[in-house]
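> model-v8.csv (CSV, C-alpha atoms and all ligand atoms) pasted underneath:
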chain,number,residue,atom,x,y,z
A,1,MET,CA,-5.1,-10.6,-22.5
A,2,ILE,CA,-3.5,-9.1,-19.3
A,3,ASP,CA,-5.7,-9.0,-16.2
A,4,ILE,CA,-3.4,-7.4,-13.6
A,5,SER,CA,-0.4,-5.0,-13.9
A,6,ILE,CA,2.1,-5.0,-11.1
A,7,ILE,CA,3.8,-1.6,-10.8
A,8,VAL,CA,7.3,-1.5,-9.2
A,9,PRO,CA,9.2,1.8,-9.0
A,10,LEU,CA,13.0,1.3,-8.7
A,11,TYR,CA,15.6,3.8,-7.7
A,12,ASN,CA,19.1,2.4,-7.2
A,13,GLU,CA,17.8,-1.0,-6.3
A,14,GLU,CA,20.5,-3.3,-7.8
A,15,ALA,CA,21.1,-4.9,-4.4
A,16,VAL,CA,17.6,-6.2,-4.1
A,17,PHE,CA,16.8,-6.7,-7.8
A,18,GLY,CA,17.6,-10.4,-8.1
A,19,GLN,CA,15.4,-11.3,-5.2
A,20,LEU,CA,12.7,-9.0,-6.4
A,21,ILE,CA,12.5,-10.7,-9.8
A,22,GLN,CA,12.6,-14.1,-8.2
A,23,ARG,CA,9.7,-13.4,-6.0
A,24,LEU,CA,7.7,-11.7,-8.7
A,25,THR,CA,8.3,-14.5,-11.2
A,26,SER,CA,7.1,-17.2,-8.8
A,27,VAL,CA,4.1,-15.1,-8.0
A,28,ILE,CA,3.1,-14.5,-11.6
A,29,ASN,CA,3.8,-18.1,-12.5
A,30,ASN,CA,1.2,-19.2,-10.0
A,31,THR,CA,-1.7,-16.9,-10.3
A,32,ALA,CA,-5.0,-17.9,-11.8
A,33,PHE,CA,-5.1,-14.7,-13.8
A,34,SER,CA,-2.6,-13.3,-16.2
A,35,CYS,CA,-0.1,-10.6,-15.0
A,36,GLU,CA,2.4,-8.2,-16.4
A,37,VAL,CA,5.1,-6.5,-14.3
A,38,ILE,CA,5.9,-2.9,-15.0
A,39,LEU,CA,9.4,-2.0,-13.7
A,40,ILE,CA,10.1,1.7,-13.6
A,41,ASN,CA,13.6,2.9,-13.5
A,42,ASP,CA,13.5,6.3,-11.7
A,43,GLY,CA,16.8,7.6,-13.0
A,44,SER,CA,19.0,5.3,-11.0
A,45,SER,CA,22.7,5.9,-11.0
A,46,ASP,CA,23.6,2.3,-10.4
A,47,ASN,CA,23.0,-0.8,-12.6
A,48,THR,CA,19.2,-0.9,-12.2
A,49,ALA,CA,18.4,0.3,-15.7
A,50,SER,CA,20.4,-2.4,-17.5
A,51,LEU,CA,19.1,-5.1,-15.1
A,52,ILE,CA,15.6,-4.0,-16.0
A,53,GLU,CA,16.4,-4.0,-19.8
A,54,ALA,CA,17.8,-7.5,-19.5
A,55,ILE,CA,14.9,-9.1,-17.7
A,56,CYS,CA,12.4,-7.4,-20.1
A,57,LYS,CA,14.2,-8.8,-23.1
A,58,GLU,CA,14.2,-12.3,-21.5
A,59,ASP,CA,10.7,-12.5,-20.2
A,60,SER,CA,7.9,-10.7,-22.1
A,61,ARG,CA,5.7,-10.5,-19.1
A,62,PHE,CA,8.1,-7.8,-17.8
A,63,THR,CA,7.9,-4.2,-19.2
A,64,GLY,CA,10.5,-1.7,-18.4
A,65,ILE,CA,9.9,2.1,-18.3
A,66,LEU,CA,13.1,4.0,-18.1
A,67,LEU,CA,12.6,7.6,-16.9
A,68,SER,CA,15.0,10.3,-18.1
A,69,ARG,CA,16.1,11.3,-14.6
A,70,ASN,CA,15.1,10.8,-10.9
A,71,TYR,CA,11.5,12.2,-10.5
A,72,GLY,CA,10.7,10.7,-7.1
A,73,HIS,CA,8.6,7.7,-6.1
A,74,GLN,CA,5.2,9.2,-6.6
A,75,LEU,CA,5.9,10.3,-10.2
A,76,ALA,CA,7.6,6.9,-11.0
A,77,VAL,CA,4.5,5.1,-9.8
A,78,SER,CA,2.4,7.6,-11.9
A,79,ALA,CA,4.5,6.7,-15.0
A,80,GLY,CA,3.6,3.0,-14.3
A,81,LEU,CA,-0.1,3.8,-13.9
A,82,ALA,CA,-0.1,5.6,-17.2
A,83,ASN,CA,1.2,2.5,-18.9
A,84,VAL,CA,-1.0,-0.2,-17.3
A,85,ARG,CA,-2.3,-2.7,-19.8
A,86,GLY,CA,-4.1,-4.9,-17.3
A,87,LYS,CA,-7.8,-4.9,-18.0
A,88,LYS,CA,-8.9,-5.6,-14.5
A,89,ALA,CA,-6.5,-3.9,-12.1
A,90,ALA,CA,-3.1,-2.6,-11.1
A,91,MET,CA,-1.1,-3.4,-8.0
A,92,ILE,CA,1.5,-1.1,-6.7
A,93,ILE,CA,4.4,-2.4,-4.6
A,94,ASP,CA,7.8,-1.2,-3.4
A,95,GLY,CA,10.8,-2.6,-5.0
A,96,ASP,CA,12.5,-3.5,-1.7
A,97,LEU,CA,10.1,-6.3,-1.0
A,98,GLN,CA,8.7,-4.6,2.1
A,99,ASP,CA,5.3,-5.2,0.5
A,100,PRO,CA,4.9,-9.0,-0.1
A,101,PRO,CA,3.8,-9.4,-3.7
A,102,GLU,CA,2.2,-12.8,-2.8
A,103,LEU,CA,-0.7,-10.8,-1.4
A,104,ILE,CA,-1.9,-10.3,-5.0
A,105,ASN,CA,-4.2,-13.3,-4.6
A,106,GLU,CA,-5.9,-11.9,-1.5
A,107,PHE,CA,-6.3,-8.5,-3.1
A,108,TYR,CA,-7.6,-10.1,-6.3
A,109,GLY,CA,-10.2,-12.0,-4.2
A,110,LEU,CA,-11.4,-8.7,-2.7
A,111,LEU,CA,-11.4,-7.1,-6.2
A,112,THR,CA,-13.8,-9.8,-7.5
A,113,LYS,CA,-16.0,-9.2,-4.5
A,114,GLY,CA,-16.6,-5.7,-5.9
A,115,TYR,CA,-14.0,-3.6,-4.2
A,116,ASP,CA,-12.3,-1.0,-6.4
A,117,VAL,CA,-9.5,-0.1,-4.1
A,118,ILE,CA,-7.8,-2.6,-1.7
A,119,TYR,CA,-5.2,-0.7,0.3
A,120,ALA,CA,-2.8,-2.4,2.6
A,121,ILE,CA,-2.6,-1.2,6.2
A,122,ARG,CA,0.6,-1.6,8.1
A,123,LYS,CA,0.0,-3.5,11.4
A,124,ASN,CA,3.6,-3.0,12.5
A,125,ARG,CA,6.5,-1.0,11.3
A,126,LYS,CA,10.1,-2.0,11.2
A,127,GLU,CA,11.4,1.5,11.3
A,128,GLY,CA,13.2,3.1,14.3
A,129,PHE,CA,11.4,4.6,17.2
A,130,PHE,CA,11.6,8.2,16.1
A,131,LYS,CA,10.4,7.5,12.5
A,132,LYS,CA,7.5,5.4,13.9
A,133,MET,CA,6.4,8.2,16.1
A,134,ALA,CA,6.7,10.8,13.3
A,135,TYR,CA,4.6,8.6,11.0
A,136,SER,CA,2.0,8.0,13.6
A,137,ALA,CA,1.6,11.6,14.5
A,138,TYR,CA,1.6,12.6,10.8
A,139,TYR,CA,-1.1,10.2,9.8
A,140,ARG,CA,-3.3,11.3,12.7
A,141,LEU,CA,-2.9,15.0,11.9
A,142,GLN,CA,-3.6,14.4,8.3
A,143,LYS,CA,-6.8,12.5,9.1
A,144,LYS,CA,-8.0,15.3,11.3
A,145,ILE,CA,-7.4,18.1,8.9
A,146,SER,CA,-7.9,16.6,5.4
A,147,ASN,CA,-11.1,17.5,3.5
A,148,PHE,CA,-12.1,13.9,3.3
A,149,ASN,CA,-11.1,10.6,4.8
A,150,ILE,CA,-7.6,9.3,4.0
A,151,PRO,CA,-7.0,6.0,5.8
A,152,ILE,CA,-4.5,6.0,8.6
A,153,ASP,CA,-1.3,3.9,8.2
A,154,SER,CA,-1.9,3.0,4.5
A,155,GLY,CA,0.9,3.6,2.0
A,156,ASP,CA,1.0,3.1,-1.7
A,157,PHE,CA,0.8,-0.7,-1.5
A,158,SER,CA,-2.6,-1.3,-3.0
A,159,MET,CA,-4.6,-2.8,-5.8
A,160,LEU,CA,-6.7,-0.4,-7.9
A,161,SER,CA,-9.4,-1.4,-10.3
A,162,ARG,CA,-9.1,-0.4,-13.9
A,163,ARG,CA,-11.5,2.4,-13.5
A,164,VAL,CA,-9.7,3.8,-10.5
A,165,VAL,CA,-6.4,3.7,-12.5
A,166,ASP,CA,-8.1,5.5,-15.4
A,167,ASN,CA,-9.5,8.2,-13.0
A,168,ILE,CA,-6.1,8.8,-11.4
A,169,ASN,CA,-4.5,9.0,-14.9
A,170,ASP,CA,-7.1,11.7,-15.7
A,171,MET,CA,-5.9,13.9,-12.9
A,172,PRO,CA,-3.2,16.1,-14.3
A,173,GLU,CA,-2.1,17.6,-11.0
A,174,GLN,CA,1.6,18.2,-10.7
A,175,SER,CA,2.3,17.4,-7.1
A,176,ARG,CA,1.0,14.0,-6.5
A,177,TYR,CA,0.1,12.2,-3.3
A,178,LEU,CA,-1.2,9.0,-4.7
A,179,ARG,CA,-2.7,7.6,-1.5
A,180,GLY,CA,-4.8,10.8,-1.2
A,181,MET,CA,-5.8,10.8,-4.9
A,182,ARG,CA,-6.7,7.1,-4.5
A,183,ALA,CA,-9.0,7.9,-1.5
A,184,TRP,CA,-10.4,10.9,-3.3
A,185,VAL,CA,-11.6,8.8,-6.3
A,186,GLY,CA,-14.0,7.0,-4.0
A,187,PHE,CA,-16.0,3.8,-4.9
A,188,LYS,CA,-15.8,0.8,-2.5
A,189,GLN,CA,-12.5,0.8,-0.7
A,190,ILE,CA,-11.3,-1.6,1.8
A,191,GLY,CA,-8.2,-1.9,4.0
A,192,TYR,CA,-6.2,-5.1,4.3
A,193,GLU,CA,-3.9,-5.4,7.4
A,194,TYR,CA,-0.5,-6.9,6.9
A,195,ASN,CA,2.9,-7.1,8.6
A,196,ARG,CA,5.3,-4.9,6.7
A,197,ASP,CA,8.6,-6.7,6.1
A,198,GLU,CA,12.0,-5.3,6.4
A,199,ARG,CA,13.7,-4.0,3.3
A,200,GLN,CA,15.4,-7.1,1.9
A,201,ALA,CA,18.6,-5.4,0.7
A,202,GLY,CA,20.1,-2.0,0.2
A,203,GLU,CA,19.3,1.3,2.0
A,204,THR,CA,16.2,3.4,2.1
A,205,LYS,CA,15.8,5.6,-1.0
A,206,TYR,CA,13.5,8.0,0.8
A,207,SER,CA,15.8,10.8,2.1
A,208,TRP,CA,14.4,13.0,4.8
A,209,SER,CA,13.8,15.8,2.3
A,210,LYS,CA,11.8,13.5,0.0
A,211,LEU,CA,9.8,12.3,3.0
A,212,PHE,CA,9.0,15.8,4.0
A,213,GLU,CA,8.0,16.7,0.5
A,214,LEU,CA,5.6,13.8,0.5
A,215,ALA,CA,4.2,14.8,3.9
A,216,PHE,CA,3.6,18.4,2.7
A,217,ASN,CA,1.9,17.2,-0.4
A,218,GLY,CA,-0.3,15.1,1.7
A,219,ILE,CA,-1.4,18.0,3.8
A,220,PHE,CA,-1.6,20.9,1.3
A,221,ASN,CA,-3.1,18.9,-1.6
A,222,PHE,CA,-5.9,17.5,0.5
A,223,SER,CA,-6.6,20.1,3.2
A,224,ASP,CA,-7.8,23.7,3.3
A,225,PHE,CA,-7.0,23.9,7.0
A,226,PRO,CA,-3.6,25.6,6.8
A,227,VAL,CA,-5.2,28.6,5.0
A,228,LYS,CA,-8.4,28.6,7.0
A,229,VAL,CA,-6.5,28.7,10.2
A,230,ILE,CA,-5.0,32.1,9.3
A,231,ALA,CA,-8.4,33.8,9.2
A,232,ARG,CA,-9.4,32.1,12.4
A,233,LEU,CA,-6.3,33.2,14.2
A,234,GLY,CA,-7.0,36.7,13.0
A,235,PHE,CA,-10.5,36.6,14.3
A,236,PHE,CA,-9.4,35.4,17.8
A,237,THR,CA,-6.7,38.0,17.9
A,238,ILE,CA,-9.2,40.8,17.3
A,239,LEU,CA,-11.6,39.3,19.8
A,240,PHE,CA,-8.7,39.1,22.4
A,241,SER,CA,-7.7,42.7,21.7
A,242,LEU,CA,-11.3,43.9,22.3
A,243,VAL,CA,-11.5,42.0,25.6
A,244,TYR,CA,-8.1,43.3,26.6
A,245,PHE,CA,-9.2,46.9,25.7
A,246,ALA,CA,-12.3,46.6,27.9
A,247,TYR,CA,-10.3,45.3,30.8
A,248,ASN,CA,-7.8,48.2,30.5
A,249,ILE,CA,-10.6,50.7,30.4
A,250,TYR,CA,-12.0,49.1,33.5
A,251,ARG,CA,-8.6,49.3,35.3
A,252,ARG,CA,-8.3,52.9,34.2
A,253,ILE,CA,-11.6,54.0,35.5
A,254,PHE,CA,-11.7,52.1,38.8
A,255,TYR,CA,-8.1,51.7,39.8
A,256,ASN,CA,-6.3,54.3,37.6
A,257,ASP,CA,-3.2,52.1,37.6
A,258,VAL,CA,-2.6,51.9,33.8
A,259,PRO,CA,0.2,54.1,32.4
A,260,GLN,CA,-0.6,56.8,29.9
A,261,GLY,CA,-0.6,55.7,26.3
A,262,PHE,CA,-0.1,52.0,27.2
A,263,THR,CA,-3.6,50.8,26.4
A,264,ALA,CA,-3.8,52.6,23.0
A,265,THR,CA,-0.4,51.3,21.9
A,266,ILE,CA,-1.0,47.7,22.9
A,267,LEU,CA,-4.5,47.8,21.4
A,268,ALA,CA,-3.2,49.1,18.1
A,269,ILE,CA,-0.6,46.4,17.9
A,270,ILE,CA,-2.9,43.5,18.7
A,271,LEU,CA,-6.0,44.8,16.9
A,272,PHE,CA,-4.1,45.5,13.7
A,273,SER,CA,-2.2,42.2,13.8
A,274,GLY,CA,-5.6,40.6,13.9
A,275,VAL,CA,-6.8,42.7,11.0
A,276,GLN,CA,-3.7,41.7,9.0
A,277,LEU,CA,-4.2,38.0,9.7
A,278,ILE,CA,-7.8,38.1,8.6
A,279,SER,CA,-6.8,39.9,5.4
A,280,LEU,CA,-4.2,37.2,4.7
A,281,GLY,CA,-6.8,34.6,5.4
A,282,LEU,CA,-9.2,36.3,2.9
A,283,ILE,CA,-6.5,36.4,0.2
A,284,GLY,CA,-5.7,32.8,1.1
A,285,GLU,CA,-9.3,31.8,0.4
A,286,TYR,CA,-8.9,33.2,-3.2
A,287,VAL,CA,-5.6,31.4,-3.6
A,288,LEU,CA,-7.3,28.2,-2.5
A,289,ARG,CA,-10.0,28.7,-5.1
A,290,ILE,CA,-7.5,29.4,-7.8
A,291,TYR,CA,-5.5,26.3,-6.7
A,292,ASN,CA,-8.5,24.1,-6.8
A,293,GLN,CA,-9.4,25.4,-10.2
A,294,VAL,CA,-6.0,25.0,-11.9
A,295,ARG,CA,-5.5,21.6,-10.4
A,296,LYS,CA,-8.2,20.4,-12.8
A,297,ARG,CA,-9.4,17.4,-10.8
A,298,PRO,CA,-12.6,16.0,-12.3
A,299,LEU,CA,-15.6,17.6,-10.7
A,300,PHE,CA,-17.1,14.2,-9.8
A,301,ILE,CA,-16.8,10.6,-10.7
A,302,ILE,CA,-19.8,8.5,-11.5
A,303,ASP,CA,-20.1,5.0,-10.1
A,304,LYS,CA,-22.9,3.8,-12.4
A,305,ILE,CA,-25.8,5.1,-14.4
A,306,VAL,CA,-29.1,3.3,-14.6
A,307,GLN,CA,-30.7,4.3,-17.9
A,308,ASP,CA,-33.3,2.7,-20.2
A,309,GLY,CA,-34.0,0.1,-17.6
A,310,LYS,CA,-30.3,-1.1,-17.6
A,311,GLU,CA,-27.3,-0.5,-15.4
A,312,LYS,CA,-24.4,1.1,-17.2
A,313,GLU,CA,-21.0,0.6,-15.6
A,314,GLN,CA,-18.7,3.5,-16.0
B,401,LIG,N1,11.9,5.1,-5.1
B,401,LIG,C1,11.8,5.7,-6.4
B,401,LIG,N2,12.3,7.0,-6.5
B,401,LIG,C2,12.8,7.7,-5.5
B,401,LIG,C3,12.8,7.1,-4.2
B,401,LIG,C4,12.4,5.8,-4.0
B,401,LIG,O1,11.3,5.1,-7.3
B,401,LIG,O2,13.2,8.8,-5.7
B,401,LIG,C5,11.4,3.7,-4.9
B,401,LIG,C6,12.3,2.8,-4.3
B,401,LIG,O3,13.2,2.2,-5.2
B,401,LIG,C7,11.4,1.8,-3.7
B,401,LIG,C8,10.2,2.6,-3.3
B,401,LIG,O4,10.3,3.8,-4.1
B,401,LIG,O5,11.0,0.7,-4.6
B,401,LIG,C9,10.1,2.9,-1.8
B,401,LIG,O6,11.3,3.5,-1.4
B,401,LIG,P1,12.0,3.0,-0.1
B,401,LIG,O7,11.8,1.6,0.2
B,401,LIG,O8,13.4,3.4,-0.1
B,401,LIG,O9,11.2,3.9,1.0
B,401,LIG,P2,11.0,3.5,2.6
B,401,LIG,O10,10.4,2.1,2.5
B,401,LIG,O11,12.3,3.5,3.2
B,401,LIG,O12,10.0,4.5,3.0
B,402,MG,MG,11.1,0.5,1.7
Since I need it in another form, could you write the structure as structure tokens?
Ligand code: UDP
Ligand code: MG

Amino acid sequence: MIDISIIVPLYNEEAVFGQLIQRLTSVINNTAFSCEVILINDGSSDNTASLIEAICKEDSRFTGILLSRNYGHQLAVSAGLANVRGKKAAMIIDGDLQDPPELINEFYGLLTKGYDVIYAIRKNRKEGFFKKMAYSAYYRLQKKISNFNIPIDSGDFSMLSRRVVDNINDMPEQSRYLRGMRAWVGFKQIGYEYNRDERQAGETKYSWSKLFELAFNGIFNFSDFPVKVIARLGFFTILFSLVYFAYNIYRRIFYNDVPQGFTATILAIILFSGVQLISLGLIGEYVLRIYNQVRKRPLFIIDKIVQDGKEKEQ
């Protein structure tokens, strides 16, 4: 019986592959529980796929999932999650060894203490100054505007209990932001601070465009704010136009220094801009509702039921 599945998405990672397998093998040789490793080839154009096939044929604790093309990190991890055989939990790590797989023991300890999600928090980052600032600003913005709490500075490196894996697998949403979905599931979650290592070999596989897509998914999948802000903007525009109108009438009556037709023109522009923004916001509200409906997230997730005098775990 397998206890824990370790999920590793790989996209053109032949440079780091040898080291990765070495580290993983020594980790799973020495755990008190049984592990499988799920290696996902996310449509690599280098030798990664054949390296995966070779190790999986040699050591049955390794499973290879070869995707038909490059789907991106989040979907590669989702493919791994959909194939977890571990009865207790799954751990997600990056293939470039920035996330030390040795932490599996600490994470497992917290799992046995009753935590369903153990997510790693990056104490330090090895990225350049600009990227660091961008990450920091992004996580803080996201925390402010998301509908519920997504922890700051946590990535996909985490351990998820079996029921959390099952719940995430039950969410058929297309654009996936796993760290948000993980937080959305709920249960007992705990952060674990660690020092993020440098990539051990090769170059980053997250292009800027992939990074932006991830960031947008994080905002739009978990926040209504961008839509709600339109209606609010419209409301304030209308309010402003009315105040401005009153002020102009006052100048007109007491100072008579407002040119003919000016007030009416400006008022029409501002007032109707406001009306348009509010209308867009209203339509946006309907779009949000449609979006929430078609996304088909479960309505709620039950932790436990106490029935007939007994606790029933879900
Ligand atoms: N990755 C993937 N598909 C992609 C891009 C990246 O499976 O389209 C994998 C990659 O091989 C690595 C992990 O996702 O195991 C994280 O990528 P990377 O380390 O390049 O991101 P960074 O740490 O630079 O943000
Ligand atoms: Mg990396």
> Taking a cut-off of 6 Å and counting all atoms listed in the file, can you build a table that, for each residue of chain A near ligand MG 402 (chain B), reports the nearest atom pair and how far apart they are in Å (one decimal), sorted by chain then residue number, as CSV?

residue,atom,partner,partner_atom,distance
A:Asp96,CA,B:MG402,MG,5.4
A:Gln98,CA,B:MG402,MG,5.7
A:Arg199,CA,B:MG402,MG,5.4
A:Thr204,CA,B:MG402,MG,5.9
> Could you pull the residues within 12 Å of A:Gly86, counting all atoms listed in the file, minus those fewer than 6 positions along the same chain, as a list in words?
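Neighbouring residues, sequence-local ones excluded: Met1, Ile2, Asp3, Ile4, Ser5, Ile6, Ile7, Phe33, Ser34, Cys35, Glu36, Val37, Ile38, Arg61, Gly80, Met159, Leu160, Ser161, Arg162, Arg163, Val165 and Asp166 of chain A.
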> Excluding same-chain residues fewer than 4 positions from stretch 115-129 of chain A, what lies within 6 Å of it counting all atoms listed in the file, as a list in words?
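Result of the neighbour search: Leu110, Leu111, Asp153, Ser154, Phe157, Ser158, Met159, Leu160, Ser161, Lys188, Gln189, Ile190, Gly191, Tyr192, Glu193, Tyr194, Asn195 and Arg196 of chain A.
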> Within 6 Å of ligand LIG 401 (chain B), which residues of chain A come that close, and what is the closest atom pair and distance in Å for each? Count only C-alpha atoms and all ligand atoms and give it as CSV.

residue,atom,partner,partner_atom,distance
A:Pro9,CA,B:LIG401,O1,4.3
A:Leu10,CA,B:LIG401,O3,3.6
A:Tyr11,CA,B:LIG401,O3,3.8
A:Glu13,CA,B:LIG401,O3,5.7
A:Asp42,CA,B:LIG401,O1,5.1
A:Asn70,CA,B:LIG401,O2,5.9
A:Gly72,CA,B:LIG401,O2,3.4
A:His73,CA,B:LIG401,C1,3.8
A:Ala76,CA,B:LIG401,O1,5.5
A:Asp94,CA,B:LIG401,O5,3.9
A:Gly95,CA,B:LIG401,O5,3.3
A:Asp96,CA,B:LIG401,O5,5.3
A:Thr204,CA,B:LIG401,O8,3.6
A:Lys205,CA,B:LIG401,O8,3.4
A:Tyr206,CA,B:LIG401,O8,4.7
> Here is a test: counting all atoms listed in the file, which residue of A:Leu97, A:Lys113, A:Ala268, A:Tyr291 is nearest to A:Phe220?
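Checking each candidate against A:Phe220, we get A:Tyr291 as the closest.
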> Between atom CA of A:Gly234 and atom CA of A:Arg251, measure the distance and give it in Å to one decimal.
25.7 Å
> May I ask for the distance between atom CA of A:Val294 and atom CA of A:Arg232, given in Å to one decimal place?
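So the answer is 25.5 Å.
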> Excluding A:Asn221 and residues on its chain fewer than 3 positions from it, collect all residues at most 9 Å away from it, counting all atoms listed in the file, and give them as a PDB file with C-alpha atoms, in the frame of the given file.

ATOM      1  CA  SER A 146      -7.900  16.600   5.400  1.00  0.00           C
ATOM      2  CA  SER A 175       2.300  17.400  -7.100  1.00  0.00           C
ATOM      3  CA  ARG A 176       1.000  14.000  -6.500  1.00  0.00           C
ATOM      4  CA  TYR A 177       0.100  12.200  -3.300  1.00  0.00           C
ATOM      5  CA  GLY A 180      -4.800  10.800  -1.200  1.00  0.00           C
ATOM      6  CA  PHE A 216       3.600  18.400   2.700  1.00  0.00           C
ATOM      7  CA  ASN A 217       1.900  17.200  -0.400  1.00  0.00           C
ATOM      8  CA  GLY A 218      -0.300  15.100   1.700  1.00  0.00           C
ATOM      9  CA  ASP A 224      -7.800  23.700   3.300  1.00  0.00           C
TER      10      ASP A 224
END
> In Å, how far is it from atom CA of A:Ser223 to atom CA of A:Ile238?
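Atom CA of A:Ile238 lies 25.2 Å from atom CA of A:Ser223.
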> List the spatial neighbours of stretch 44-50 of chain A as a ChimeraX atom specification - criterion: any atom at most 10 Å away, only C-alpha atoms, same-chain residues fewer than 6 positions off excluded.
/A:10-17,56,64-70
> Select, from A:Leu81, A:Ala32, A:Leu178, A:Leu271, the residue with the minimum atom-to-atom distance to A:Gly109, counting all atoms listed in the file.
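Ranked by minimum distance to A:Gly109, first place goes to A:Ala32.
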> Could you check the closest approach to A:Val77 for each of A:Asn248, A:Thr112, A:Thr237, A:Asn41 and tell me which residue wins, using only C-alpha atoms?
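Closest candidate: A:Asn41.
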> Please determine, counting only C-alpha atoms, which residue among A:Ala134, A:Met91, A:Val164, A:Val185 has the shortest atom-to-atom distance to A:Ile150.
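Checking each of A:Ala134, A:Met91, A:Val164, A:Val185 against A:Ile150, counting only C-alpha atoms, the winner is A:Val185.
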> Ranking A:Val27, A:Ile278, A:Ala79, A:Leu20 by minimum distance to A:Ile40 and counting all atoms listed in the file, which one comes first?
A:Ala79
> Let me make sure I understand: among A:Glu53, A:Arg289, A:Phe225, A:Arg23, which one has the smallest atom-to-atom distance to A:Lys144 if we use all atoms listed in the file?
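For A:Lys144, the nearest of the given residues is A:Phe225.
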> Up to 8 Å from (-14.6, 8.0, -9.8) in the file's coordinates: name the residues, counting only C-alpha atoms, as a CSV table (one decimal) with C-alpha atoms, keeping the file's coordinate frame.

chain,number,residue,atom,x,y,z
A,163,ARG,CA,-11.5,2.4,-13.5
A,164,VAL,CA,-9.7,3.8,-10.5
A,167,ASN,CA,-9.5,8.2,-13.0
A,185,VAL,CA,-11.6,8.8,-6.3
A,186,GLY,CA,-14.0,7.0,-4.0
A,187,PHE,CA,-16.0,3.8,-4.9
A,300,PHE,CA,-17.1,14.2,-9.8
A,301,ILE,CA,-16.8,10.6,-10.7
A,302,ILE,CA,-19.8,8.5,-11.5
A,303,ASP,CA,-20.1,5.0,-10.1
